[in-house]
$ cat model_6.cif   # mmCIF, C-alpha atoms
data_my_file
#
loop_
_atom_site.label_atom_id
_atom_site.label_comp_id
_atom_site.auth_asym_id
_atom_site.auth_seq_id
_atom_site.Cartn_x
_atom_site.Cartn_y
_atom_site.Cartn_z
CA MET Y 1 25.31 -33.26 -10.23
CA THR Y 2 23.00 -36.20 -10.64
CA PRO Y 3 20.43 -36.02 -13.47
CA LEU Y 4 17.64 -35.73 -10.90
CA ALA Y 5 19.27 -32.72 -9.23
CA LYS Y 6 19.63 -31.12 -12.66
CA LEU Y 7 15.99 -31.78 -13.39
CA LEU Y 8 14.97 -30.14 -10.11
CA GLU Y 9 17.18 -27.16 -10.89
CA ALA Y 10 15.56 -26.75 -14.30
CA ALA Y 11 12.06 -26.94 -12.85
CA LEU Y 12 12.89 -24.49 -10.05
CA PHE Y 13 14.38 -22.11 -12.59
CA ALA Y 14 11.25 -22.20 -14.72
CA ALA Y 15 8.73 -21.88 -11.90
CA PRO Y 16 7.19 -18.53 -11.04
CA ARG Y 17 6.48 -19.60 -7.43
CA PRO Y 18 7.97 -21.98 -4.89
CA ILE Y 19 7.44 -25.60 -5.97
CA SER Y 20 5.98 -27.93 -3.38
CA LEU Y 21 7.74 -31.14 -2.48
CA ALA Y 22 4.87 -33.12 -4.01
CA ALA Y 23 5.29 -31.27 -7.31
CA LEU Y 24 9.04 -31.86 -7.26
CA GLU Y 25 8.45 -35.56 -6.68
CA ALA Y 26 6.01 -35.63 -9.58
CA LEU Y 27 8.72 -34.40 -11.98
CA ASP Y 28 10.20 -37.85 -12.31
CA PRO Y 29 7.80 -40.71 -11.56
CA GLU Y 30 10.74 -43.12 -11.49
CA SER Y 31 12.35 -41.41 -8.51
CA SER Y 32 11.48 -42.22 -4.90
CA PRO Y 33 10.69 -39.42 -2.43
CA ALA Y 34 13.96 -40.23 -0.71
CA ALA Y 35 15.85 -39.73 -3.95
CA VAL Y 36 14.13 -36.36 -4.48
CA ALA Y 37 14.99 -35.28 -0.94
CA ALA Y 38 18.61 -36.29 -1.58
CA ALA Y 39 18.59 -34.38 -4.87
CA ILE Y 40 17.29 -31.25 -3.12
CA ASP Y 41 20.14 -31.51 -0.64
CA GLU Y 42 22.56 -32.06 -3.46
CA LEU Y 43 21.36 -28.98 -5.33
CA ARG Y 44 21.43 -26.85 -2.22
CA GLU Y 45 24.95 -27.92 -1.43
CA HIS Y 46 25.95 -27.35 -5.00
CA TYR Y 47 24.84 -23.73 -4.68
CA ASP Y 48 26.35 -23.27 -1.24
CA VAL Y 49 29.67 -25.03 -1.65
CA ASP Y 50 30.58 -24.08 -5.19
CA GLY Y 51 29.86 -20.43 -4.58
CA HIS Y 52 26.83 -19.32 -6.52
CA GLY Y 53 24.97 -16.01 -6.57
CA VAL Y 54 21.75 -17.85 -5.81
CA GLU Y 55 20.65 -20.30 -3.16
CA LEU Y 56 17.93 -22.87 -2.70
CA VAL Y 57 15.43 -21.84 -0.04
CA GLU Y 58 12.46 -23.65 1.47
CA GLN Y 59 9.58 -21.27 1.99
CA GLY Y 60 6.02 -20.52 1.00
CA GLY Y 61 5.10 -24.18 1.06
CA GLY Y 62 7.85 -25.26 -1.30
CA TRP Y 63 11.31 -24.72 -2.69
CA GLN Y 64 12.55 -21.69 -4.56
CA ILE Y 65 15.78 -20.33 -5.99
CA LEU Y 66 16.55 -16.91 -4.55
CA THR Y 67 19.38 -14.46 -5.01
CA ARG Y 68 21.77 -14.21 -2.10
CA VAL Y 69 21.23 -11.49 0.48
CA GLU Y 70 24.56 -9.76 -0.18
CA PHE Y 71 23.58 -8.85 -3.74
CA ALA Y 72 20.23 -7.27 -2.88
CA GLU Y 73 21.47 -3.72 -2.77
CA ALA Y 74 23.38 -3.83 -6.04
CA ILE Y 75 20.47 -5.51 -7.80
CA GLU Y 76 18.05 -2.91 -6.58
CA ARG Y 77 20.35 -0.01 -7.26
CA ALA Y 78 20.66 -1.06 -10.89
CA GLN Y 79 16.89 -1.44 -10.99
CA VAL Y 80 17.13 -5.00 -12.23
CA ALA Y 81 14.39 -5.96 -9.80
CA VAL Y 82 12.22 -4.06 -7.37
CA ARG Y 83 11.75 -5.13 -3.77
CA PRO Y 84 8.21 -5.51 -2.57
CA GLN Y 85 7.10 -2.44 -0.70
CA LYS Y 86 7.22 -2.53 3.07
CA LEU Y 87 3.89 -2.90 4.81
CA SER Y 88 2.62 -0.23 7.18
CA ALA Y 89 2.34 -0.99 10.88
CA ALA Y 90 -1.44 -1.07 10.56
CA ALA Y 91 -1.24 -3.55 7.68
CA LEU Y 92 1.19 -5.77 9.59
CA GLU Y 93 -1.07 -5.83 12.64
CA THR Y 94 -4.03 -6.81 10.52
CA LEU Y 95 -2.00 -9.45 8.72
CA ALA Y 96 -0.76 -10.91 12.01
CA ILE Y 97 -4.33 -11.24 13.27
CA VAL Y 98 -5.49 -12.89 10.07
CA ALA Y 99 -2.53 -15.28 10.17
CA TYR Y 100 -3.35 -16.44 13.69
CA ARG Y 101 -7.12 -16.38 13.70
CA GLN Y 102 -7.98 -17.43 10.17
CA PRO Y 103 -10.64 -17.80 8.95
CA ILE Y 104 -11.60 -14.50 10.51
CA GLY Y 105 -14.12 -11.77 9.69
CA ARG Y 106 -13.62 -8.04 9.63
CA ALA Y 107 -15.54 -7.36 12.84
CA GLU Y 108 -13.31 -9.68 14.88
CA ILE Y 109 -10.17 -8.04 13.52
CA GLU Y 110 -11.55 -4.63 14.42
CA GLU Y 111 -12.35 -5.89 17.89
CA ILE Y 112 -8.74 -6.91 18.43
CA ARG Y 113 -7.12 -3.87 16.84
CA GLY Y 114 -9.62 -1.34 18.14
CA VAL Y 115 -9.83 0.46 14.79
CA ALA Y 116 -11.68 0.13 11.49
CA VAL Y 117 -9.77 -2.12 9.09
CA GLY Y 118 -11.80 -2.00 5.87
CA SER Y 119 -9.24 -0.20 3.73
CA VAL Y 120 -6.32 -2.15 5.18
CA LEU Y 121 -8.04 -5.43 4.34
CA LYS Y 122 -8.61 -4.21 0.81
CA SER Y 123 -4.97 -3.33 0.26
CA LEU Y 124 -3.76 -6.62 1.77
CA HIS Y 125 -6.14 -8.40 -0.57
CA GLU Y 126 -4.87 -6.43 -3.54
CA ARG Y 127 -1.31 -7.37 -2.65
CA GLY Y 128 -2.33 -11.01 -2.65
CA LEU Y 129 -1.37 -11.55 0.99
CA ILE Y 130 -4.85 -12.45 2.15
CA ASP Y 131 -7.82 -13.89 0.38
CA ILE Y 132 -11.48 -14.41 1.01
CA VAL Y 133 -11.80 -17.99 2.17
CA GLY Y 134 -15.51 -18.17 2.89
CA ARG Y 135 -18.45 -16.65 4.64
CA SER Y 136 -19.34 -16.87 8.27
CA GLU Y 137 -22.64 -18.39 9.36
CA GLY Y 138 -23.21 -15.31 11.52
CA ILE Y 139 -25.58 -12.45 10.91
CA GLY Y 140 -25.08 -10.89 7.50
CA ARG Y 141 -22.83 -13.81 6.52
CA PRO Y 142 -19.69 -11.66 6.68
CA LEU Y 143 -16.66 -12.52 4.53
CA LEU Y 144 -13.91 -14.53 6.16
CA TYR Y 145 -10.26 -13.90 5.38
CA GLY Y 146 -7.21 -16.15 5.40
CA THR Y 147 -3.57 -15.84 4.36
CA THR Y 148 -2.29 -16.92 0.95
CA PRO Y 149 0.81 -18.87 -0.14
CA GLN Y 150 2.20 -15.52 -1.18
CA PHE Y 151 2.03 -14.42 2.44
CA LEU Y 152 4.27 -17.34 3.41
CA GLU Y 153 6.61 -16.50 0.57
CA GLN Y 154 6.90 -12.84 1.41
CA PHE Y 155 7.63 -13.54 5.06
CA ALA Y 156 10.00 -16.44 4.41
CA LEU Y 157 7.80 -18.97 6.17
CA ARG Y 158 7.80 -22.62 5.16
CA HIS Y 159 4.25 -23.08 6.38
CA LEU Y 160 1.85 -21.46 8.84
CA GLU Y 161 2.94 -23.79 11.64
CA GLU Y 162 6.29 -22.08 11.58
CA LEU Y 163 4.75 -19.09 13.32
CA PRO Y 164 5.12 -19.46 17.08
CA ARG Y 165 2.06 -20.88 18.79
CA ALA Y 166 0.01 -18.32 20.67
CA ASP Y 167 1.00 -19.82 24.02
CA GLU Y 168 4.69 -19.69 23.09
CA LEU Y 169 4.68 -15.94 22.71
CA ALA Y 170 6.37 -14.28 25.62
CA ILE Y 171 4.13 -11.48 26.68
CA ALA Y 172 6.28 -8.75 28.11
CA LEU Y 173 3.47 -7.33 30.17
CA ARG Y 174 2.41 -10.60 31.68
CA GLY Y 175 5.59 -10.72 33.73
CA ALA Y 176 4.66 -7.47 35.40
CA GLY Y 177 1.29 -8.91 36.29
CA ASN Y 178 2.80 -11.74 38.27
CA ALA Y 179 4.80 -9.34 40.37
CA THR Y 180 3.39 -8.01 43.59
CA VAL Y 181 0.33 -5.92 43.04
CA VAL Y 182 1.10 -2.32 43.71
CA PRO Y 183 -1.78 -0.59 45.45
CA GLU Y 184 -2.81 2.65 43.84
CA MET H 1 -5.68 7.65 43.54
CA ILE H 2 -4.08 10.57 41.75
CA ALA H 3 -6.23 13.67 41.86
CA PRO H 4 -7.99 14.11 38.53
CA ASN H 5 -6.22 17.28 37.62
CA PHE H 6 -5.95 17.88 33.92
CA ARG H 7 -3.31 20.60 33.76
CA PRO H 8 -0.21 18.94 35.19
CA VAL H 9 -0.69 15.96 32.89
CA GLU H 10 -0.96 18.20 29.90
CA ALA H 11 2.10 20.16 30.88
CA GLU H 12 4.01 16.93 31.42
CA SER H 13 3.10 15.42 28.10
CA SER H 14 3.84 18.58 26.16
CA SER H 15 7.45 18.32 27.21
CA PHE H 16 7.83 15.56 24.66
CA VAL H 17 5.69 15.96 21.60
CA ILE H 18 3.73 12.88 20.63
CA GLU H 19 2.43 12.35 17.17
CA LEU H 20 -0.74 10.35 17.23
CA SER H 21 -0.10 9.15 13.72
CA GLN H 22 2.71 7.05 15.17
CA PHE H 23 0.12 4.90 16.87
CA THR H 24 -1.84 2.32 14.97
CA GLY H 25 -4.90 2.68 17.17
CA PRO H 26 -6.24 3.36 20.66
CA LEU H 27 -4.87 0.09 22.07
CA ASP H 28 -1.42 0.94 20.80
CA LEU H 29 -1.59 4.34 22.47
CA LEU H 30 -2.88 2.79 25.67
CA LEU H 31 -0.11 0.19 25.77
CA SER H 32 2.49 2.87 25.23
CA LEU H 33 1.04 4.91 28.10
CA ILE H 34 1.12 1.86 30.35
CA ARG H 35 4.72 1.20 29.38
CA ASP H 36 5.78 4.83 29.87
CA GLU H 37 4.16 4.96 33.28
CA GLN H 38 5.57 1.55 34.16
CA VAL H 39 2.33 0.46 35.72
CA ASP H 40 1.10 -3.07 36.22
CA ILE H 41 -1.21 -4.08 33.42
CA TYR H 42 -3.28 -6.17 35.85
CA ASP H 43 -3.76 -3.19 38.12
CA ILE H 44 -4.00 -0.19 35.85
CA PRO H 45 -4.41 3.13 37.67
CA ILE H 46 -7.36 3.84 35.46
CA ALA H 47 -7.95 7.48 36.45
CA ARG H 48 -4.38 8.46 35.66
CA ILE H 49 -4.25 6.50 32.42
CA ALA H 50 -7.66 7.81 31.29
CA GLU H 51 -6.55 11.40 31.79
CA GLN H 52 -3.33 10.88 29.89
CA PHE H 53 -5.26 9.19 27.15
CA LEU H 54 -7.63 12.15 26.85
CA ALA H 55 -4.73 14.59 26.89
CA ARG H 56 -3.03 12.78 24.03
CA ILE H 57 -6.07 12.50 21.84
CA SER H 58 -6.98 16.16 22.18
CA THR H 59 -4.82 16.85 19.12
CA LEU H 60 -6.58 14.26 17.05
CA GLY H 61 -7.82 14.68 13.51
CA LEU H 62 -11.51 14.07 13.02
CA ASP H 63 -11.24 11.09 10.69
CA GLU H 64 -9.47 8.89 13.20
CA ALA H 65 -11.16 10.36 16.24
CA ALA H 66 -14.01 7.85 16.46
CA ASP H 67 -11.86 4.85 17.38
CA TYR H 68 -9.98 6.82 20.01
CA LEU H 69 -13.10 8.45 21.41
CA GLU H 70 -14.72 5.06 21.84
CA MET H 71 -11.76 3.94 23.93
CA ALA H 72 -11.82 7.20 25.89
CA ALA H 73 -15.47 6.62 26.73
CA ARG H 74 -14.68 3.06 27.75
CA LEU H 75 -11.90 4.24 30.06
CA LEU H 76 -14.12 6.83 31.68
CA ARG H 77 -16.83 4.25 32.24
CA ILE H 78 -14.36 1.90 33.91
CA LYS H 79 -13.11 4.81 35.99
CA ALA H 80 -16.66 5.50 37.14
CA GLN H 81 -17.26 1.85 37.93
CA MET H 82 -14.09 1.75 40.00
CA LEU H 83 -15.40 4.63 42.09
CA LEU H 84 -18.58 2.80 43.00
CA PRO H 85 -18.54 1.55 46.58
CA ARG H 86 -17.84 -2.17 46.76
CA ALA H 87 -19.93 -4.62 48.66
CA ASP H 88 -18.24 -6.28 51.61
CA GLY H 89 -18.11 -9.60 49.80
CA GLU H 90 -14.91 -8.82 47.87
CA GLU H 91 -15.05 -12.27 46.27
CA SER H 92 -18.03 -11.44 44.14
CA TRP H 93 -16.54 -8.17 42.97
CA GLU H 94 -15.73 -8.24 39.31
CA ASP H 95 -12.92 -5.94 38.30
CA PRO H 96 -14.34 -3.56 35.68
CA ARG H 97 -10.87 -3.45 34.14
CA ALA H 98 -10.82 -7.18 33.39
CA GLU H 99 -12.14 -6.92 29.84
CA LEU H 100 -9.71 -4.12 29.03
CA VAL H 101 -6.80 -6.13 30.40
CA ARG H 102 -7.83 -9.11 28.29
CA ARG H 103 -7.91 -6.95 25.17
CA LEU H 104 -4.57 -5.34 25.95
CA LEU H 105 -2.92 -8.71 26.45
CA GLU H 106 -4.41 -10.01 23.26
CA TYR H 107 -3.22 -6.92 21.45
CA GLN H 108 0.25 -7.19 22.95
CA GLN H 109 0.44 -10.80 21.84
CA MET H 110 -0.43 -9.75 18.32
CA ARG H 111 2.27 -7.08 18.43
CA GLU H 112 4.84 -9.76 19.10
CA VAL H 113 3.73 -11.54 15.95
CA VAL H 114 4.04 -8.23 14.12
CA ASP H 115 7.66 -7.93 15.28
CA LEU H 116 8.34 -11.43 14.05
CA LEU H 117 6.69 -10.82 10.69
CA GLU H 118 8.53 -7.54 10.30
CA ARG H 119 11.87 -9.24 10.95
CA ARG H 120 11.25 -12.09 8.56
CA GLY H 121 9.73 -9.86 5.91
CA GLU H 122 12.77 -7.61 6.04
CA GLU H 123 15.10 -10.60 5.62
CA ARG H 124 13.11 -11.83 2.70
CA ARG H 125 13.15 -8.42 1.07
CA HIS H 126 16.87 -8.92 0.56
CA GLN H 127 16.38 -11.90 -1.70
CA PHE H 128 14.85 -11.88 -5.12
CA PRO H 129 13.08 -14.75 -6.79
CA ARG H 130 13.48 -15.32 -10.48
CA ARG H 131 11.06 -12.92 -12.10
CA PHE H 132 8.74 -14.99 -14.21
CA VAL H 133 7.49 -13.17 -17.25
CA PRO H 134 5.00 -15.02 -19.41
CA ALA H 135 5.95 -15.08 -23.08
CA ALA H 136 4.38 -12.28 -25.11
CA VAL H 137 1.01 -13.20 -26.45
CA ASP H 138 0.80 -13.14 -30.23
CA ILE H 139 -1.46 -10.29 -31.20
CA THR H 140 -3.72 -11.10 -34.11
CA PRO H 141 -5.84 -8.43 -35.71
CA LEU H 142 -9.29 -8.47 -34.30
CA ASN H 143 -12.33 -7.75 -36.31
CA ALA H 144 -14.63 -8.30 -33.39
CA PRO H 145 -14.91 -5.62 -30.73
CA LEU H 146 -12.79 -6.20 -27.66
CA SER H 147 -14.47 -8.30 -25.04
CA LEU H 148 -13.44 -6.52 -21.90
CA SER H 149 -15.30 -5.68 -18.75
CA LEU H 150 -14.98 -2.31 -17.10
CA GLY H 151 -13.37 -4.00 -14.10
CA GLU H 152 -10.69 -5.60 -16.27
CA LEU H 153 -10.00 -2.30 -17.95
CA LEU H 154 -9.64 -0.48 -14.64
CA ALA H 155 -7.39 -3.25 -13.31
CA ALA H 156 -5.20 -2.90 -16.39
CA VAL H 157 -4.95 0.85 -15.93
CA ASP H 158 -4.06 0.25 -12.32
CA ARG H 159 -1.29 -2.17 -13.32
CA VAL H 160 0.16 0.34 -15.74
CA LEU H 161 0.07 3.11 -13.16
CA ARG H 162 1.81 0.87 -10.65
CA THR H 163 4.79 0.32 -12.92
CA THR H 164 5.88 3.89 -12.43
CA LYS H 165 7.39 4.36 -9.02
CA GLU H 166 6.23 7.90 -8.54
CA PRO H 167 3.24 8.69 -10.66
CA LYS H 168 3.70 12.02 -12.35
CA ILE H 169 0.82 14.33 -11.76
CA HIS H 170 -0.01 16.44 -14.74
CA GLU H 171 -2.05 19.51 -14.46
CA VAL H 172 -4.89 19.41 -16.91
CA VAL H 173 -5.62 22.67 -18.59
CA PRO H 174 -8.99 22.67 -20.27
CA ARG H 175 -8.61 23.74 -23.87
CA ALA H 176 -11.26 23.68 -26.51
CA LEU H 177 -10.55 21.30 -29.38
CA ASP H 178 -10.75 22.62 -32.87
CA VAL H 179 -12.40 19.72 -34.66
CA ALA H 180 -13.90 21.85 -37.43
CA GLY H 181 -10.52 23.37 -38.19
CA ALA H 182 -8.88 19.97 -38.27
CA MET H 183 -11.57 18.70 -40.65
CA MET H 184 -10.73 21.55 -43.03
CA THR H 185 -7.06 20.65 -42.91
CA ILE H 186 -7.77 16.98 -43.59
CA ARG H 187 -10.06 17.84 -46.50
CA ASN H 188 -7.31 19.94 -48.01
CA VAL H 189 -4.75 17.18 -47.60
CA ILE H 190 -6.84 14.39 -49.09
CA ALA H 191 -8.07 16.68 -51.85
CA MET H 192 -4.51 16.92 -53.06
CA ARG H 193 -3.46 13.29 -52.74
CA ARG H 194 -5.33 10.06 -52.92
CA ALA H 195 -3.96 8.59 -49.69
CA ALA H 196 -2.51 10.22 -46.65
CA ARG H 197 -1.00 8.92 -43.47
CA TRP H 198 -1.52 9.93 -39.89
CA ALA H 199 1.87 11.59 -39.76
CA ASP H 200 0.96 13.78 -42.76
CA LEU H 201 -1.95 15.26 -40.90
CA ILE H 202 -0.22 16.42 -37.79
CA GLY H 203 2.64 18.80 -37.72
CA ARG H 204 5.96 17.79 -36.27
CA ASP H 205 5.48 19.76 -33.08
CA ALA H 206 1.74 19.47 -32.75
CA GLU H 207 0.37 19.94 -29.28
CA PRO H 208 -1.84 17.33 -27.65
CA TRP H 209 -4.99 19.34 -28.30
CA GLN H 210 -4.14 19.52 -32.00
CA ILE H 211 -3.51 15.78 -32.19
CA LEU H 212 -6.78 15.14 -30.45
CA SER H 213 -8.59 17.50 -32.78
CA VAL H 214 -7.23 15.65 -35.80
CA LEU H 215 -8.17 12.30 -34.30
CA LEU H 216 -11.74 13.40 -33.61
CA ALA H 217 -11.99 15.02 -37.03
CA LEU H 218 -10.84 11.80 -38.70
CA LEU H 219 -13.40 9.74 -36.83
CA GLU H 220 -16.11 12.24 -37.58
CA MET H 221 -15.27 12.32 -41.29
CA ALA H 222 -15.11 8.54 -41.45
CA LYS H 223 -18.56 8.47 -39.94
CA LEU H 224 -19.82 11.01 -42.46
CA GLY H 225 -18.38 8.83 -45.23
CA GLU H 226 -15.89 11.40 -46.44
CA LEU H 227 -12.91 9.16 -45.96
CA ARG H 228 -11.77 5.66 -45.12
CA ILE H 229 -9.33 4.66 -42.44
CA ALA H 230 -7.45 1.39 -42.84
CA GLN H 231 -4.72 -0.39 -40.97
CA HIS H 232 -3.35 -3.52 -42.60
CA ARG H 233 -1.40 -4.89 -39.69
CA PRO H 234 -1.47 -4.15 -35.98
CA PHE H 235 0.74 -1.16 -35.24
CA ALA H 236 1.21 -0.48 -38.95
CA SER H 237 0.70 3.11 -40.02
CA VAL H 238 -2.90 4.11 -40.57
CA GLU H 239 -3.81 4.87 -44.15
CA ILE H 240 -6.40 7.53 -44.84
CA THR H 241 -8.09 7.56 -48.23
CA ARG H 242 -10.93 9.45 -49.84
CA ASP H 243 -14.06 7.39 -49.66
CA ALA H 244 -14.80 5.96 -53.11
CA ILE H 245 -18.53 6.46 -52.70
CA SER H 246 -18.43 10.08 -51.71
CA GLU H 247 -15.99 10.66 -54.51
CA ALA H 248 -18.42 9.21 -57.02
CA ALA H 249 -21.25 11.29 -55.65
#

$ encode --input "model_6.cif" --output "structure tokens"
Amino acid sequence: MTPLAKLLEAALFAAPRPISLAALEALDPESSPAAVAAAIDELREHYDVDGHGVELVEQGGGWQILTRVEFAEAIERAQVAVRPQKLSAAALETLAIVAYRQPIGRAEIEEIRGVAVGSVLKSLHERGLIDIVGRSEGIGRPLLYGTTPQFLEQFALRHLEELPRADELAIALRGAGNATVVPE
Amino acid sequence: MIAPNFRPVEAESSSFVIELSQFTGPLDLLLSLIRDEQVDIYDIPIARIAEQFLARISTLGLDEAADYLEMAARLLRIKAQMLLPRADGEESWEDPRAELVRRLLEYQQMREVVDLLERRGEERRHQFPRRFVPAAVDITPLNAPLSLSLGELLAAVDRVLRTTKEPKIHEVVPRALDVAGAMMTIRNVIAMRRAARWADLIGRDAEPWQILSVLLALLEMAKLGELRIAQHRPFASVEITRDAISEAA
């Protein structure tokens, strides 16, 4: 491996979170962005080709070393590490709305979901998946929520734009609507 | 339009038991009804759907009822509006179901995102990052009182409780502490020797209430000036001595 690839590996090993490309480039002021990109590729290939238990993954707005999928069960069984708990359906719905409509207030989320979401918002906030990003100008200046980098990390997203655009979503029910209207 | 007859619907739906807790809200229930009935979302047979909706929510618990009842009321209002005679100018007629359809489509769209997130989240759950643990902070003895807000304390307790997967629930049995008795014991012990240690004061198989009694007795006696409590290093054993002043007195 080149010295730069080794440096990246060391930094990625030490980091608690994914490291952004900008931060990786800042590690060695002598190296060009192109050289850093090449070193990332080199490191990734090193892990993939030489057969390592970990791999280099781009997600959560940066790069991170993760264990390979096939070892998850054994690692968890031996209680070396604990998987994050699965979110409830209600929490996922709320999170999906925040991801798409951020910054968004509680009332708007409740309008879309048709149920009260106070406690769900609180638990998502506690888990670090959403954060308060501001206050609306509306009446009562309600809090506005947005997703966090940890949200991207936990759902293996490189950035928010990786979510399909609203108009790209195939709505199963819309197809039925275009069919001939059945009189009641 | 299907005759608004409650019974057949009820009988039909009881053939397969539906748990309302499986739905995340009234829109979810509504979408599932529309899917089961295979009706066109742009032309919902509102009377039929409203009746089914009411039949399903009749088993509802009170705490979640409000959200469902609001939707039930909305459905019934739309049903009533649909029954109103229309003016000849069909063009100007606004479908009372339009707003509901918009919300259902919006909700359905969001559900697709949920599927996506669920898939990706599940994939990610099979990979672990390196667990970063900050190096232990060097603990130096503090003479000053701890600066800690109640919120920080509660958050810390919360963190500790979270480390256990299944919190064990203990049953608390109220038991009177015997502080006076413990004070007698301590007096006897320090009357015999100059210095005693915590372990000397509690028996090997002391019960929690006895330990607590001794602790409270120690604090009380320290306050009264009968003894001194000293700890030379953090986590070192606590040394209990007769107070020099009270001894002189």

$ axis_aligned_box --input "model_6.cif" --around "segment 24-32 of chain Y" --padding-each-side "4 Å" --output "JSON"
{"center_x": 9.2, "center_y": -37.5, "center_z": -8.6, "size_x": 14.3, "size_y": 19.3, "size_z": 15.4}

$ residues_around --input "model_6.cif" --residues "Asp28 of chain Y" --least-positions-apart "3" --cutoff "12 Å" --atoms "only C-alpha atoms" --output "ChimeraX atom specification"
/Y:3-8,11,22-25,31-33,35-36,39

$ closest_atom_pairs --input "model_6.cif" --of "chain H" --to "chain Y" --cutoff "10 Å" --atoms "all atoms listed in the file" --output "Markdown table"
| residue | atom | partner | partner_atom | distance |
| --- | --- | --- | --- | --- |
| H:Met1 | CA | Y:Glu184 | CA | 5.8 |
| H:Ile2 | CA | Y:Glu184 | CA | 8.3 |
| H:Gln22 | CA | Y:Ala89 | CA | 9.1 |
| H:Phe23 | CA | Y:Ala89 | CA | 8.7 |
| H:Thr24 | CA | Y:Ala90 | CA | 5.6 |
| H:Gly25 | CA | Y:Val115 | CA | 5.9 |
| H:Pro26 | CA | Y:Gly114 | CA | 6.3 |
| H:Leu27 | CA | Y:Gly114 | CA | 6.3 |
| H:Asp28 | CA | Y:Arg113 | CA | 8.4 |
| H:Leu31 | CA | Y:Leu173 | CA | 9.4 |
| H:Ile34 | CA | Y:Leu173 | CA | 9.5 |
| H:Arg35 | CA | Y:Leu173 | CA | 8.7 |
| H:Gln38 | CA | Y:Ala176 | CA | 9.2 |
| H:Val39 | CA | Y:Ala176 | CA | 8.3 |
| H:Asp40 | CA | Y:Ala176 | CA | 5.7 |
| H:Ile41 | CA | Y:Gly177 | CA | 6.1 |
| H:Tyr42 | CA | Y:Gly177 | CA | 5.3 |
| H:Asp43 | CA | Y:Val181 | CA | 7.0 |
| H:Ile44 | CA | Y:Glu184 | CA | 8.6 |
| H:Pro45 | CA | Y:Glu184 | CA | 6.4 |
| H:Ile46 | CA | Y:Glu184 | CA | 9.6 |
| H:Glu64 | CA | Y:Val115 | CA | 8.6 |
| H:Ala66 | CA | Y:Val115 | CA | 8.7 |
| H:Asp67 | CA | Y:Val115 | CA | 5.5 |
| H:Tyr68 | CA | Y:Val115 | CA | 8.2 |
| H:Glu70 | CA | Y:Gly114 | CA | 9.0 |
| H:Met71 | CA | Y:Gly114 | CA | 8.1 |
| H:Arg103 | CA | Y:Ile112 | CA | 6.8 |
| H:Leu104 | CA | Y:Ile112 | CA | 8.7 |
| H:Leu105 | CA | Y:Leu173 | CA | 7.5 |
| H:Glu106 | CA | Y:Ile112 | CA | 7.2 |
| H:Tyr107 | CA | Y:Ile112 | CA | 6.3 |
| H:Gln108 | CA | Y:Ile171 | CA | 6.9 |
| H:Gln109 | CA | Y:Ile171 | CA | 6.1 |
| H:Met110 | CA | Y:Ala96 | CA | 6.4 |
| H:Arg111 | CA | Y:Glu93 | CA | 6.8 |
| H:Glu112 | CA | Y:Leu169 | CA | 7.2 |
| H:Val113 | CA | Y:Ala96 | CA | 6.0 |
| H:Val114 | CA | Y:Glu93 | CA | 5.8 |
| H:Asp115 | CA | Y:Leu92 | CA | 8.9 |
| H:Leu116 | CA | Y:Leu163 | CA | 8.5 |
| H:Leu117 | CA | Y:Phe155 | CA | 6.3 |
| H:Glu118 | CA | Y:Leu92 | CA | 7.6 |
| H:Arg119 | CA | Y:Phe155 | CA | 8.4 |
| H:Arg120 | CA | Y:Phe155 | CA | 5.2 |
| H:Gly121 | CA | Y:Phe155 | CA | 4.3 |
| H:Glu122 | CA | Y:Phe155 | CA | 7.9 |
| H:Glu123 | CA | Y:Ala156 | CA | 7.8 |
| H:Arg124 | CA | Y:Ala156 | CA | 5.8 |
| H:Arg125 | CA | Y:Arg83 | CA | 6.0 |
| H:His126 | CA | Y:Val69 | CA | 5.1 |
| H:Gln127 | CA | Y:Thr67 | CA | 5.1 |
| H:Phe128 | CA | Y:Thr67 | CA | 5.2 |
| H:Pro129 | CA | Y:Leu66 | CA | 4.7 |
| H:Arg130 | CA | Y:Leu66 | CA | 6.9 |
| H:Arg131 | CA | Y:Pro16 | CA | 6.9 |
| H:Phe132 | CA | Y:Pro16 | CA | 5.0 |
| H:Val133 | CA | Y:Pro16 | CA | 8.2 |
| H:Pro134 | CA | Y:Pro16 | CA | 9.3 |
| H:Lys165 | CA | Y:Val82 | CA | 9.8 |

$ atom_distance --input "model_6.cif" --atom1 "atom CA of Arg242 of chain H" --atom2 "atom CA of Asp200 of chain H"
14.5 Å

$ atom_distance --input "model_6.cif" --atom1 "atom CA of Leu218 of chain H" --atom2 "atom CA of Ala236 of chain H"
17.2 Å

$ residues_around --input "model_6.cif" --residues "Ser20 of chain Y" --least-positions-apart "6" --cutoff "9 Å" --atoms "all atoms listed in the file" --output "PyMOL selection string"
chain Y and resi 60-63

$ write_last_selection --input "model_6.cif" --atoms "C-alpha atoms" --output "compact mmCIF listing (two decimals), keeping the file's coordinate frame"
# COMPACT_ATOMS: atom_id res chain seq x y z
CA GLY Y 60 6.02 -20.52 1.00
CA GLY Y 61 5.10 -24.18 1.06
CA GLY Y 62 7.85 -25.26 -1.30
CA TRP Y 63 11.31 -24.72 -2.69

$ residues_around --input "model_6.cif" --residues "segment 214-216 of chain H" --least-positions-apart "4" --cutoff "10 Å" --atoms "all atoms listed in the file" --output "PyMOL selection string"
chain H and resi 177-186+198+201-202+208-210+220-222

$ atom_distance --input "model_6.cif" --atom1 "atom CA of Arg187 of chain H" --atom2 "atom CA of Pro174 of chain H"
26.7 Å
